[in-house]
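Dumped start23.csv below, it's CSV, C-alpha atoms:
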chain,number,residue,atom,x,y,z
A,2,MET,CA,134.2,-104.4,-153.8
A,3,LEU,CA,136.0,-107.4,-152.4
A,4,ALA,CA,138.8,-105.1,-151.3
A,5,GLU,CA,136.3,-102.9,-149.5
A,6,PHE,CA,134.7,-105.9,-147.7
A,7,LYS,CA,138.1,-107.2,-146.6
A,8,LYS,CA,138.8,-103.9,-145.0
A,9,VAL,CA,135.4,-104.0,-143.2
A,10,GLY,CA,136.2,-107.6,-142.3
A,11,PHE,CA,132.8,-109.2,-142.0
A,12,ILE,CA,129.3,-109.1,-143.5
A,13,PRO,CA,126.3,-108.7,-141.2
A,14,VAL,CA,123.6,-111.1,-142.3
A,15,PHE,CA,119.9,-110.3,-141.7
A,16,SER,CA,117.0,-112.8,-141.8
A,17,ALA,CA,113.8,-112.0,-143.6
A,18,GLY,CA,111.5,-109.4,-142.1
A,19,VAL,CA,113.9,-106.5,-141.4
A,20,LYS,CA,112.1,-103.4,-140.3
A,21,ASN,CA,113.5,-99.8,-140.2
A,22,VAL,CA,116.0,-100.7,-142.9
A,23,ARG,CA,117.2,-97.1,-143.2
A,24,MET,CA,117.9,-96.9,-139.5
A,25,VAL,CA,119.8,-100.3,-139.7
A,26,ALA,CA,121.9,-99.0,-142.7
A,27,ASP,CA,122.6,-95.7,-140.9
A,28,VAL,CA,123.8,-97.6,-137.7
A,29,LEU,CA,126.0,-99.9,-139.8
A,30,LEU,CA,127.5,-97.0,-141.8
A,31,HIS,CA,128.2,-95.0,-138.6
A,32,ALA,CA,130.1,-98.1,-137.3
A,33,GLY,CA,132.1,-98.2,-140.5
A,34,VAL,CA,130.3,-101.3,-141.8
A,35,THR,CA,129.4,-100.5,-145.4
A,36,CYS,CA,127.6,-103.8,-146.3
A,37,ALA,CA,125.0,-106.3,-145.3
A,38,ALA,CA,123.4,-109.4,-146.7
A,39,PHE,CA,119.6,-109.9,-146.7
A,40,ALA,CA,117.4,-112.9,-147.3
A,41,PRO,CA,116.8,-113.1,-151.0
A,42,GLU,CA,113.0,-113.1,-150.5
A,43,ASP,CA,113.1,-109.9,-148.5
A,44,VAL,CA,113.1,-107.8,-151.6
A,45,GLU,CA,111.7,-104.7,-149.9
A,46,ALA,CA,114.5,-104.5,-147.3
A,47,LEU,CA,117.0,-105.3,-150.0
A,48,GLN,CA,115.8,-102.5,-152.3
A,49,THR,CA,115.6,-100.0,-149.5
A,50,ALA,CA,119.2,-100.8,-148.3
A,51,ALA,CA,120.5,-100.6,-151.8
A,52,GLN,CA,119.3,-97.0,-152.1
A,53,CYS,CA,121.3,-95.8,-149.1
A,54,ASP,CA,124.4,-93.8,-150.2
A,55,GLY,CA,127.7,-95.6,-149.6
A,56,PHE,CA,126.1,-98.9,-148.7
A,57,TYR,CA,126.4,-102.2,-150.4
A,58,ALA,CA,123.4,-104.5,-150.2
A,59,GLY,CA,123.6,-108.2,-151.1
A,60,ILE,CA,121.8,-111.5,-150.5
A,61,THR,CA,122.8,-114.5,-148.4
A,62,GLN,CA,122.2,-117.1,-151.2
A,63,ALA,CA,120.7,-117.6,-154.6
A,64,SER,CA,118.6,-120.8,-155.0
A,65,SER,CA,118.1,-120.2,-158.7
A,66,ALA,CA,119.2,-117.9,-161.5
A,67,GLN,CA,115.8,-116.3,-161.4
A,68,GLN,CA,116.2,-115.4,-157.8
A,69,ALA,CA,119.7,-114.0,-158.4
A,70,ARG,CA,118.3,-111.9,-161.3
A,71,CYS,CA,115.4,-110.6,-159.1
A,72,ALA,CA,117.9,-109.6,-156.4
A,73,ALA,CA,120.1,-107.8,-158.9
A,74,SER,CA,117.1,-105.9,-160.2
A,75,LYS,CA,116.4,-104.7,-156.7
A,76,GLY,CA,119.9,-103.3,-156.3
A,77,ALA,CA,121.8,-106.3,-154.9
A,78,ARG,CA,125.5,-106.1,-155.6
A,79,PHE,CA,126.8,-109.4,-154.2
A,80,VAL,CA,126.0,-112.9,-152.9
A,81,ALA,CA,127.6,-113.8,-149.6
A,82,LEU,CA,128.5,-117.4,-149.8
A,83,PRO,CA,129.1,-119.3,-146.5
A,84,GLY,CA,130.9,-122.1,-148.4
A,85,PRO,CA,131.9,-123.2,-151.9
A,86,SER,CA,129.0,-123.3,-154.3
A,87,THR,CA,129.8,-123.4,-158.0
A,88,GLU,CA,126.1,-123.4,-158.9
A,89,GLN,CA,125.3,-120.2,-156.9
A,90,ALA,CA,128.5,-118.6,-158.2
A,91,ALA,CA,127.4,-119.3,-161.8
A,92,TRP,CA,123.9,-117.8,-161.2
A,93,ALA,CA,125.4,-114.7,-159.5
A,94,GLN,CA,128.0,-114.1,-162.2
A,95,GLU,CA,125.3,-114.5,-164.9
A,96,VAL,CA,123.4,-111.5,-163.6
A,97,GLY,CA,126.5,-109.4,-162.6
A,98,LEU,CA,126.6,-110.1,-158.9
A,99,ILE,CA,129.9,-110.5,-157.1
A,100,CYS,CA,130.4,-113.6,-155.0
A,101,ILE,CA,132.0,-113.0,-151.6
A,102,PRO,CA,133.2,-116.2,-150.0
A,103,ALA,CA,133.1,-116.0,-146.2
A,104,SER,CA,136.5,-117.6,-146.1
A,105,GLN,CA,138.1,-114.4,-147.6
A,106,LEU,CA,136.9,-112.2,-144.8
A,107,PRO,CA,138.7,-112.3,-141.3
A,108,GLY,CA,135.3,-112.2,-139.6
A,109,GLY,CA,133.3,-114.1,-142.1
A,110,LEU,CA,129.5,-113.8,-142.0
A,111,SER,CA,127.8,-112.5,-138.9
A,112,PRO,CA,124.1,-113.3,-138.4
A,113,VAL,CA,122.3,-110.5,-136.6
A,114,PRO,CA,119.7,-111.7,-134.1
A,115,ALA,CA,116.1,-110.5,-134.8
A,116,GLU,CA,115.9,-108.8,-131.4
A,117,VAL,CA,119.0,-106.8,-132.0
A,118,MET,CA,117.9,-105.1,-135.2
A,119,GLN,CA,114.9,-103.5,-133.6
A,120,ASP,CA,116.8,-101.0,-131.5
A,121,GLU,CA,119.4,-98.5,-132.7
A,122,LYS,CA,121.6,-98.6,-129.5
A,123,VAL,CA,121.4,-102.4,-129.2
A,124,LEU,CA,122.4,-102.8,-132.8
A,125,ALA,CA,125.3,-100.4,-132.4
A,126,SER,CA,126.5,-102.3,-129.3
A,127,PHE,CA,126.2,-105.6,-131.1
A,128,LEU,CA,128.3,-104.3,-134.0
A,129,GLN,CA,131.0,-103.0,-131.7
A,130,LYS,CA,131.2,-106.4,-130.1
A,131,GLU,CA,131.4,-108.2,-133.5
A,132,ILE,CA,134.2,-105.8,-134.6
A,133,ARG,CA,136.2,-106.4,-131.4
A,134,SER,CA,135.7,-110.2,-131.7
A,135,MET,CA,136.8,-110.1,-135.4
A,136,LEU,CA,139.9,-108.0,-134.7
A,137,ALA,CA,140.9,-110.3,-131.7
A,138,PHE,CA,143.5,-107.9,-130.2
A,139,ASP,CA,146.1,-109.6,-128.1
A,140,LEU,CA,149.5,-108.8,-126.7
A,141,ARG,CA,152.2,-110.2,-129.0
A,142,HIS,CA,155.5,-108.9,-127.5
A,143,VAL,CA,157.2,-106.2,-125.6
A,144,GLY,CA,160.2,-104.4,-127.2
A,145,ILE,CA,163.0,-103.1,-125.0
A,146,ASN,CA,165.3,-100.4,-126.4
A,147,CYS,CA,169.0,-100.9,-125.8
A,148,SER,CA,172.0,-98.6,-126.7
A,149,ASP,CA,174.0,-101.3,-128.4
A,150,GLU,CA,174.2,-104.9,-129.5
A,151,LYS,CA,176.2,-106.0,-126.4
A,152,THR,CA,173.6,-104.6,-124.0
A,153,SER,CA,170.8,-106.2,-126.1
A,154,SER,CA,172.5,-109.6,-125.9
A,155,GLN,CA,173.0,-109.4,-122.2
A,156,THR,CA,169.4,-108.4,-121.7
A,157,ALA,CA,168.1,-111.3,-123.7
A,158,ASP,CA,170.5,-113.6,-121.8
A,159,ALA,CA,168.9,-112.5,-118.5
A,160,PHE,CA,165.4,-113.4,-119.6
A,161,GLU,CA,166.7,-116.7,-120.9
A,162,GLN,CA,168.5,-117.5,-117.6
A,163,ILE,CA,165.7,-116.4,-115.3
A,164,PHE,CA,162.6,-117.5,-117.2
A,165,GLY,CA,163.9,-120.0,-119.7
A,166,PHE,CA,162.8,-117.9,-122.7
A,167,PRO,CA,165.2,-119.1,-125.5
A,168,LYS,CA,167.4,-116.4,-126.9
A,169,GLU,CA,167.5,-115.9,-130.6
A,170,ASP,CA,169.2,-113.4,-132.9
A,171,ARG,CA,166.7,-112.1,-135.4
A,172,GLY,CA,168.9,-109.4,-137.1
A,173,GLY,CA,167.9,-106.1,-135.6
A,174,ALA,CA,167.1,-107.5,-132.2
A,175,TYR,CA,167.5,-110.4,-129.9
A,176,PHE,CA,164.3,-112.2,-128.9
A,177,ALA,CA,163.8,-114.0,-125.6
A,178,GLY,CA,161.1,-116.5,-126.6
A,179,ASP,CA,158.4,-114.7,-128.7
A,180,ILE,CA,157.4,-112.2,-126.0
A,181,ILE,CA,160.5,-110.1,-125.4
A,182,GLU,CA,162.2,-108.2,-128.3
A,183,VAL,CA,165.4,-106.5,-127.3
A,184,MET,CA,166.5,-104.0,-129.8
A,185,LYS,CA,170.2,-103.7,-130.7
A,186,LYS,CA,169.9,-99.9,-131.0
A,187,PRO,CA,167.3,-97.3,-129.9
A,188,PHE,CA,164.1,-97.7,-131.9
A,189,TYR,CA,160.5,-96.4,-131.6
A,190,GLY,CA,159.4,-95.4,-128.2
A,191,THR,CA,161.0,-93.7,-125.2
A,192,HIS,CA,161.2,-97.0,-123.3
A,193,GLY,CA,160.5,-99.4,-126.1
A,194,HIS,CA,157.4,-100.7,-127.9
A,195,ILE,CA,154.4,-102.9,-127.4
A,196,ALA,CA,153.1,-105.1,-130.2
A,197,ILE,CA,149.4,-105.8,-130.3
A,198,SER,CA,148.5,-108.6,-132.6
A,199,THR,CA,145.2,-108.8,-134.6
A,200,ARG,CA,143.4,-111.1,-136.9
A,201,SER,CA,143.5,-108.4,-139.6
A,202,ALA,CA,145.9,-105.5,-139.4
A,203,GLU,CA,144.1,-103.8,-142.4
A,204,SER,CA,140.7,-104.0,-140.6
A,205,ALA,CA,142.2,-102.9,-137.3
A,206,ALA,CA,143.8,-99.8,-138.9
A,207,TYR,CA,140.5,-99.0,-140.6
A,208,TYR,CA,138.4,-99.1,-137.5
A,209,LEU,CA,141.0,-97.5,-135.2
A,210,GLU,CA,141.4,-94.5,-137.6
A,211,ARG,CA,137.6,-94.1,-137.6
A,212,ALA,CA,137.9,-93.9,-133.8
A,213,GLY,CA,140.4,-91.1,-134.1
A,214,VAL,CA,143.7,-93.1,-133.7
A,215,LYS,CA,146.5,-91.7,-135.8
A,216,PHE,CA,149.1,-93.9,-137.4
A,217,ASN,CA,152.7,-93.4,-138.5
A,218,TRP,CA,152.3,-94.7,-142.0
A,219,GLN,CA,156.0,-94.4,-142.7
A,220,SER,CA,156.5,-97.3,-140.3
A,221,ALA,CA,154.1,-99.6,-142.2
A,222,GLY,CA,155.2,-103.0,-143.5
A,223,TYR,CA,153.4,-105.2,-145.9
A,224,ASN,CA,153.1,-108.9,-146.8
A,225,PRO,CA,154.2,-110.1,-150.2
A,226,ASP,CA,150.5,-110.1,-151.3
A,227,GLY,CA,150.3,-106.3,-150.4
A,228,ARG,CA,148.3,-106.7,-147.2
A,229,LEU,CA,149.2,-104.6,-144.3
A,230,ARG,CA,151.4,-106.5,-141.8
A,231,VAL,CA,152.5,-103.9,-139.2
A,232,VAL,CA,152.1,-100.2,-138.5
A,233,TYR,CA,152.9,-98.0,-135.5
A,234,LEU,CA,150.5,-95.6,-133.8
A,235,GLN,CA,151.6,-92.0,-134.1
A,236,GLU,CA,151.5,-91.3,-130.3
A,237,GLU,CA,153.2,-93.2,-127.5
A,238,ILE,CA,151.3,-94.7,-124.6
A,239,GLY,CA,153.0,-94.5,-121.3
A,240,GLY,CA,156.4,-93.9,-122.9
A,241,PHE,CA,155.9,-96.9,-125.2
A,242,ALA,CA,155.4,-96.9,-129.0
A,243,VAL,CA,152.6,-99.3,-130.0
A,244,HIS,CA,152.1,-101.1,-133.2
A,245,ILE,CA,149.5,-103.5,-134.5
A,246,LEU,CA,150.7,-106.7,-136.1
A,247,GLN,CA,149.0,-109.2,-138.3
A,248,LYS,CA,148.7,-112.6,-136.6
Kindly transcribe the structure held in the file into structure tokens.
Amino acid sequence: MLAEFKKVGFIPVFSAGVKNVRMVADVLLHAGVTCAAFAPEDVEALQTAAQCDGFYAGITQASSAQQARCAASKGARFVALPGPSTEQAAWAQEVGLICIPASQLPGGLSPVPAEVMQDEKVLASFLQKEIRSMLAFDLRHVGINCSDEKTSSQTADAFEQIFGFPKEDRGGAYFAGDIIEVMKKPFYGTHGHIAISTRSAESAAYYLERAGVKFNWQSAGYNPDGRLRVVYLQEEIGGFAVHILQK
């Protein structure tokens, strides 16, 4: 479950009194958000959400073992912890709930304003903004394809001399600062490539694939812990290959 939540990237948090729970769950699922945490006293909303196919319902806290046990009996699968709490963790584990620390998710916990959850379109718009904010896309560098190492070196020299970007040999390419990568031989892209950094490459790939973007998974690179670090889009944009890159 934690692996699923890391892919989603954040957990929407609803205060007590959620209405139209099935509509809320449907909007979340349509956006690719397969989980939400509810106030532990809002047992009706919790139970209804837990009955939705493919949806993980949880609670925002457990003030006692009895409250955790009640939530579990209504279908709760997890407790979303905003910070360390050995007591809450013990109560959760006692009744089979999984503890999800906010620190283990790139977007953490995301409180949903009461006025947002009343309207389907407003909620959908809110979720998209939260997803974009969590992914935090930004331009990392531009890659330039060169025919050979000599041309690559000369190109990096030019950026250093004109703009003061320090030249550095990083194996397969010379860098001029951190924003220009000059390949020593032709690489992805007709003209070169563009690297877009993100707070979570894994979450970015998940949401972009849902939006219809195709990836060249043969290009993927991973961190030592197995998390996705880099992967190229399948199609070029304006003659440039594009890849997402873990910040």
Using only C-alpha atoms, find each residue in stretch 100-167 of chain A having at least one atom no more than 7 Å away from stretch 186-199 of chain A; report its shortest atom-to-atom pair and that distance in Å (one decimal), rows by chain then rising number, as CSV.
residue,atom,partner,partner_atom,distance
A:Leu136,CA,A:Thr199,CA,5.4
A:Ala137,CA,A:Thr199,CA,5.4
A:Phe138,CA,A:Thr199,CA,4.8
A:Asp139,CA,A:Ser198,CA,5.2
A:Leu140,CA,A:Ile197,CA,4.7
A:Arg141,CA,A:Ala196,CA,5.3
A:His142,CA,A:Ala196,CA,5.2
A:Val143,CA,A:Ile195,CA,4.7
A:Gly144,CA,A:His194,CA,4.7
A:Ile145,CA,A:Gly193,CA,4.6
A:Asn146,CA,A:Gly193,CA,4.9
A:Cys147,CA,A:Lys186,CA,5.4
A:Ser148,CA,A:Lys186,CA,5.0
A:Asp149,CA,A:Lys186,CA,5.1
A:Glu150,CA,A:Lys186,CA,6.8
Using all atoms listed in the file: which of A:Arg78, A:Lys122, A:Lys151, A:Lys248 has the shortest distance to A:Ala37: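 Comparing A:Arg78, A:Lys122, A:Lys151, A:Lys248 against A:Ala37, the winner is A:Arg78.
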Please list as a PyMOL selection string every residue within 8 Å of stretch 56-68 of chain A, counting all atoms listed in the file and excluding residues in the same chain fewer than 2 positions away. chain A and resi 14+26+30+35-41+47+50-54+70-72+76-82+89+92-93+95-96
Name the residues, using the chain letters and numbers of the file, that sit within 12 Å of (118.6, -107.7, -135.3) when counting only C-alpha atoms, and give them as a VMD selection string. chain A and resid 13 to 22 24 to 26 28 to 29 37 39 111 to 128
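Shortest atom-to-atom contact with A:Lys185 among A:Ala212, A:Ala90, A:Ile101, A:Ala157: A:Ala157, counting all atoms listed in the file.
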Give the answer as one residue: which of A:Ser153, A:Gln48, A:Gln235, A:Ser204 has the shortest atom-to-atom distance to A:Val34, using only C-alpha atoms?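 Answer, going by the shortest atom-to-atom distance: A:Ser204.
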Between atom CA of A:Arg228 and atom CA of A:Gly173 - distance in Å to one decimal: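 Rounded to one decimal, the two atoms are 22.8 Å apart.
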Calculated over all atoms listed in the file, which of the candidates A:Ile99, A:Ala46, A:Ala91, A:Ile132 has the smallest distance to A:Val9?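 So, comparing all the options, the nearest one is A:Ile132.
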Within 12 Å of (146.8, -115.3, -149.6), only C-alpha atoms: residues as a CSV table (one decimal) with C-alpha atoms, in the coordinates of the input?
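In the end it all went to selection.csv:
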chain,number,residue,atom,x,y,z
A,104,SER,CA,136.5,-117.6,-146.1
A,105,GLN,CA,138.1,-114.4,-147.6
A,106,LEU,CA,136.9,-112.2,-144.8
A,107,PRO,CA,138.7,-112.3,-141.3
A,224,ASN,CA,153.1,-108.9,-146.8
A,225,PRO,CA,154.2,-110.1,-150.2
A,226,ASP,CA,150.5,-110.1,-151.3
A,227,GLY,CA,150.3,-106.3,-150.4
A,228,ARG,CA,148.3,-106.7,-147.2
Go through stretch 13-39 of chain A and flag each residue having an atom no more than 10 Å from stretch 208-211 of chain A; for those, report the closest pair of atoms plus their distance in Å to one decimal, using only C-alpha atoms, ordered by chain and rising number, as CSV.
residue,atom,partner,partner_atom,distance
A:His31,CA,A:Arg211,CA,9.5
A:Ala32,CA,A:Tyr208,CA,8.4
A:Gly33,CA,A:Tyr208,CA,7.0
A:Val34,CA,A:Tyr208,CA,9.4
A:Phe216 environment, 9 Å, all atoms listed in the file, sequence neighbours closer than 6 positions dropped, as a PyMOL selection string: chain A and resi 206+210+232-236+244
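Atom CA of A:Gly10 is positioned 9.1 Å from atom CA of A:Leu110.
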Selected residue of minimal separation from A:Asp170 among A:Leu229, A:Ala205, A:Met184, A:Cys100, counting all atoms listed in the file: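 Checking each of A:Leu229, A:Ala205, A:Met184, A:Cys100 against A:Asp170, counting all atoms listed in the file, the winner is A:Met184.
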Could you rebuild stretch 18-37 of chain A with N, CA and C atoms and give me the result as a PDB file, in the frame of the given file?
ATOM      1  N   GLY A  18     112.347-110.164-142.969  1.00  0.00           N
ATOM      2  CA  GLY A  18     111.500-109.400-142.100  1.00  0.00           C
ATOM      3  C   GLY A  18     112.140-108.212-141.427  1.00  0.00           C
ATOM      4  N   VAL A  19     113.216-107.681-141.992  1.00  0.00           N
ATOM      5  CA  VAL A  19     113.900-106.500-141.400  1.00  0.00           C
ATOM      6  C   VAL A  19     113.018-105.296-141.470  1.00  0.00           C
ATOM      7  N   LYS A  20     112.847-104.632-140.340  1.00  0.00           N
ATOM      8  CA  LYS A  20     112.100-103.400-140.300  1.00  0.00           C
ATOM      9  C   LYS A  20     113.089-102.224-140.103  1.00  0.00           C
ATOM     10  N   ASN A  21     112.615-101.020-140.347  1.00  0.00           N
ATOM     11  CA  ASN A  21     113.500 -99.800-140.200  1.00  0.00           C
ATOM     12  C   ASN A  21     114.820 -99.995-140.870  1.00  0.00           C
ATOM     13  N   VAL A  22     114.754-100.357-142.145  1.00  0.00           N
ATOM     14  CA  VAL A  22     116.000-100.700-142.900  1.00  0.00           C
ATOM     15  C   VAL A  22     116.913 -99.463-142.954  1.00  0.00           C
ATOM     16  N   ARG A  23     116.378 -98.287-143.131  1.00  0.00           N
ATOM     17  CA  ARG A  23     117.200 -97.100-143.200  1.00  0.00           C
ATOM     18  C   ARG A  23     117.957 -96.855-141.896  1.00  0.00           C
ATOM     19  N   MET A  24     117.257 -97.074-140.795  1.00  0.00           N
ATOM     20  CA  MET A  24     117.900 -96.900-139.500  1.00  0.00           C
ATOM     21  C   MET A  24     119.035 -97.962-139.365  1.00  0.00           C
ATOM     22  N   VAL A  25     118.767 -99.190-139.778  1.00  0.00           N
ATOM     23  CA  VAL A  25     119.800-100.300-139.700  1.00  0.00           C
ATOM     24  C   VAL A  25     120.986 -99.881-140.558  1.00  0.00           C
ATOM     25  N   ALA A  26     120.759 -99.412-141.777  1.00  0.00           N
ATOM     26  CA  ALA A  26     121.900 -99.000-142.700  1.00  0.00           C
ATOM     27  C   ALA A  26     122.650 -97.858-142.066  1.00  0.00           C
ATOM     28  N   ASP A  27     121.950 -96.902-141.470  1.00  0.00           N
ATOM     29  CA  ASP A  27     122.600 -95.700-140.900  1.00  0.00           C
ATOM     30  C   ASP A  27     123.531 -96.183-139.706  1.00  0.00           C
ATOM     31  N   VAL A  28     123.038 -97.109-138.877  1.00  0.00           N
ATOM     32  CA  VAL A  28     123.800 -97.600-137.700  1.00  0.00           C
ATOM     33  C   VAL A  28     125.075 -98.333-138.249  1.00  0.00           C
ATOM     34  N   LEU A  29     124.881 -99.153-139.268  1.00  0.00           N
ATOM     35  CA  LEU A  29     126.000 -99.900-139.800  1.00  0.00           C
ATOM     36  C   LEU A  29     127.050 -98.923-140.415  1.00  0.00           C
ATOM     37  N   LEU A  30     126.595 -97.948-141.186  1.00  0.00           N
ATOM     38  CA  LEU A  30     127.500 -97.000-141.800  1.00  0.00           C
ATOM     39  C   LEU A  30     128.265 -96.187-140.737  1.00  0.00           C
ATOM     40  N   HIS A  31     127.564 -95.797-139.674  1.00  0.00           N
ATOM     41  CA  HIS A  31     128.200 -95.000-138.600  1.00  0.00           C
ATOM     42  C   HIS A  31     129.302 -95.861-137.934  1.00  0.00           C
ATOM     43  N   ALA A  32     129.119 -97.182-137.893  1.00  0.00           N
ATOM     44  CA  ALA A  32     130.100 -98.100-137.300  1.00  0.00           C
ATOM     45  C   ALA A  32     131.254 -98.383-138.276  1.00  0.00           C
ATOM     46  N   GLY A  33     131.095 -97.953-139.533  1.00  0.00           N
ATOM     47  CA  GLY A  33     132.100 -98.200-140.500  1.00  0.00           C
ATOM     48  C   GLY A  33     131.826 -99.503-141.327  1.00  0.00           C
ATOM     49  N   VAL A  34     130.667-100.112-141.085  1.00  0.00           N
ATOM     50  CA  VAL A  34     130.300-101.300-141.800  1.00  0.00           C
ATOM     51  C   VAL A  34     129.431-100.955-142.980  1.00  0.00           C
ATOM     52  N   THR A  35     130.000-101.064-144.153  1.00  0.00           N
ATOM     53  CA  THR A  35     129.400-100.500-145.400  1.00  0.00           C
ATOM     54  C   THR A  35     128.600-101.562-146.163  1.00  0.00           C
ATOM     55  N   CYS A  36     128.312-102.713-145.558  1.00  0.00           N
ATOM     56  CA  CYS A  36     127.600-103.800-146.300  1.00  0.00           C
ATOM     57  C   CYS A  36     126.775-104.617-145.396  1.00  0.00           C
ATOM     58  N   ALA A  37     125.826-105.306-145.989  1.00  0.00           N
ATOM     59  CA  ALA A  37     125.000-106.300-145.300  1.00  0.00           C
ATOM     60  C   ALA A  37     124.344-107.180-146.294  1.00  0.00           C
TER      61      ALA A  37
END
